[in-house]
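Undergrad: Take this structure, written in structure tokens, and hold onto it; I'll ask about it next.
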Amino acid sequence: MRQITEPAYAKLNLTLDVLGKRADGYHELKMVMQSVSLGDNLTLTLGEGKGIRLATDWGFLPTDGKNIAVSAANAFSRHTGVDLNGLSIKLEKHIPVCAGTAGGSSDGAAVLRGLNKLCETNLTLEQLAKIGEEVGSDVPYCVLGGTMLAEGRGEILNRLPALPDCWIVMCKPGFAISTPELFHKLDSVKVRCRPNTAGVIAALEEGNLADVSRMMYNVFEDALPTSRAAVIQEIRNILIQNGALGACLSGTGPTTFGIFQQKETAEIAMAELKEQFKDVFLVRPV
């Protein structure tokens, strides 16, 4: 019996721009992505038995092919020819679901990386990311992690200089936001503001944390339902008023995050947010 445990890190969007709808039904995206230290753990065990089995400590999650971790294992088997009959996946969740932080995609990416080590297939991360394209739009990025420019539907990736060391407070309010609904609304409204992606990249190249934080923006903030937008703005205000250099919505939300230079300042913001919200995390870039 062979076993490995692989971490699955959450991602945040320092910028997110939707450039338009494509002929294939997907949207053309341009995003600066950052992985952070909040993560799930996936333990993969190759033993005896039939099929691929998944167990998780969050009982409401699917454990069949609808779970992206299982879907990733199936894709890995198809591409490598490795028989994964008897594979057991234990998923220990820490990343909130439906949060705009790629929790599911990071699990799928961790399965691909873990199986590559466990089965000694010696694929490069870039080859694993290519397999990940079949599993989900954010999976290729999650395979590679770090600070990246993502384009296309998220699969065209270019490494950027690392985000300078900092502390990040993430807050997920207690509701979900429908990704299809937000895309539909964005297609029908005039986007009033777009992120300065080139400016953020230049600030990363200069190692200027303050400028990166100041220029962060996500076009989905223009498409949020009014009641949801009010909560997101409240979180942003708490972050900024407590010393965040900048704050932004991640993905299609609802997770909102702020970047801090000092841990002590971040902890004060975190404590105030915890008075109102359950899912609040203090993380660092990875």
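Residues in the structure tokens are named by chain (A, B, ... in the order shown) and by number from 1 within that chain; ligands are numbered from 1 in the order shown.
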Can you list, as a list in words, every residue of segment 58-228 of chain A that DSSP puts in strand (DSSP E)?
TA: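 Residues meeting the strand (DSSP E) criterion: Leu87, Ser88, Ile89, Lys90, Leu91, Glu92, Thr147, Met148, Leu149, Ala150, Glu151, Gly152, Ile156, Leu157, Asn158, Arg159, Trp167, Ile168, Val169, Met170, Cys171, Lys172, Tyr217 and Asn218 of chain A.
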Undergrad: Within 12 Å of Thr121 of chain A, counting only C-alpha atoms, which residues qualify if same-chain residues fewer than 3 places away don't, as a list in words?
TA: Phe76, Ser77, His79, Thr80, Gly81, Val82, Leu112, Arg113, Gly114, Leu115, Asn116, Lys117, Leu118, Thr124, Leu125, Gln127 and Leu128 of chain A
Undergrad: Rank A:Gly146, A:Gly258, A:Gly251, A:Pro180 by their smallest atom-to-atom distance to Leu239 of chain A, using only C-alpha atoms, and report the top residue only.
TA: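 Counting only C-alpha atoms, the residue closest to Leu239 of chain A is A:Gly258.
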Undergrad: Quick one: of A:Glu28, A:Glu6, A:Asp17, A:Glu264, who's nearest to Ser250 of chain A, counting only C-alpha atoms?
TA: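 Of A:Glu28, A:Glu6, A:Asp17, A:Glu264, the one nearest Ser250 of chain A is A:Asp17, counting only C-alpha atoms.
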Undergrad: Could you check the closest approach to Ile68 of chain A for each of A:Gly103, A:Gly174, A:Pro96, A:Gly108 and tell me which residue wins, using only C-alpha atoms?
TA: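 Using only C-alpha atoms, the shortest distance to Ile68 of chain A belongs to A:Gly108.
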Undergrad: For Leu44 of chain A, which residue among A:Thr101, A:Val111, A:Lys21, A:Tyr9 is the nearest when counting only C-alpha atoms?
TA: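 Among the listed residues, A:Val111 lies closest to Leu44 of chain A.
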Undergrad: Name all residues at most 12 Å from Pro62 of chain A (count only C-alpha atoms; drop same-chain ones fewer than 5 positions away) and give them as a count of residues only.
TA: 12
Undergrad: For a test of reading the model, state the distance in Å between atom CA of Gly246 of chain A and atom CA of Met216 of chain A, rounded to one decimal.
TA: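 Separation of atom CA of Gly246 of chain A and atom CA of Met216 of chain A: 7.0 Å.
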Undergrad: Give me the residues within 6 Å of Leu149 of chain A as a list in words, counting only C-alpha atoms and dropping any in the same chain fewer than 3 places off.
TA: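 The neighbour list is Met31, Val32, Leu157 and Asn158 of chain A.
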Undergrad: Mind giving me the straight-line distance from atom CA of Ala99 of chain A to atom CA of Pro254 of chain A in Å, one decimal?
TA: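 Atom-to-atom, atom CA of Ala99 of chain A and atom CA of Pro254 of chain A are spaced 5.6 Å apart.
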Undergrad: At a cut-off of 10 Å, using only C-alpha atoms, what residues contact Lys185 of chain A? Leave out same-chain residues fewer than 6 positions from it and give the result as a ChimeraX atom specification.
TA: /A:179,220,222-225
Undergrad: Using only C-alpha atoms, which of A:Ile201, A:Ala229, A:Ala150, A:Ala162 sits nearest Ile177 of chain A?
TA: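 The shortest atom-to-atom distance to Ile177 of chain A comes from A:Ala229.
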Undergrad: Work out how far atom CA of Ala244 of chain A is from atom CA of Val189 of chain A, in Å to one decimal.
TA: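 Pair atom CA of Val189 of chain A / atom CA of Ala244 of chain A returns 29.7 Å.
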Undergrad: For Phe281 of chain A, please output as a ChimeraX atom specification all residues within 7 Å (counting only C-alpha atoms; exclusion window: fewer than 5 positions along the same chain).
TA: /A:169-171
Undergrad: Could you dump the residues just selected with N, CA, C and O atoms as a PDB file, in the first residue's frame?
TA:
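Result file is result-v3.pdb:
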ATOM      1  N   VAL A 169      -5.976  39.095   5.182  1.00  0.00           N
ATOM      2  CA  VAL A 169      -7.178  38.695   5.913  1.00  0.00           C
ATOM      3  C   VAL A 169      -8.272  38.388   4.896  1.00  0.00           C
ATOM      4  O   VAL A 169      -8.623  39.238   4.066  1.00  0.00           O
ATOM      5  N   MET A 170      -8.781  37.154   4.943  1.00  0.00           N
ATOM      6  CA  MET A 170      -9.870  36.710   4.064  1.00  0.00           C
ATOM      7  C   MET A 170     -11.149  36.598   4.883  1.00  0.00           C
ATOM      8  O   MET A 170     -11.138  36.072   5.994  1.00  0.00           O
ATOM      9  N   CYS A 171     -12.254  37.058   4.303  1.00  0.00           N
ATOM     10  CA  CYS A 171     -13.546  36.968   4.986  1.00  0.00           C
ATOM     11  C   CYS A 171     -14.608  36.499   4.000  1.00  0.00           C
ATOM     12  O   CYS A 171     -14.824  37.139   2.965  1.00  0.00           O
TER      13      CYS A 171
END
Undergrad: Might you pull out every residue within 8 Å of Leu245 of chain A, with only C-alpha atoms counted and same-chain residues fewer than 2 positions away left off, and present them as a PyMOL selection string?
TA: chain A and resi 210+213-214+240+243+247+258-261
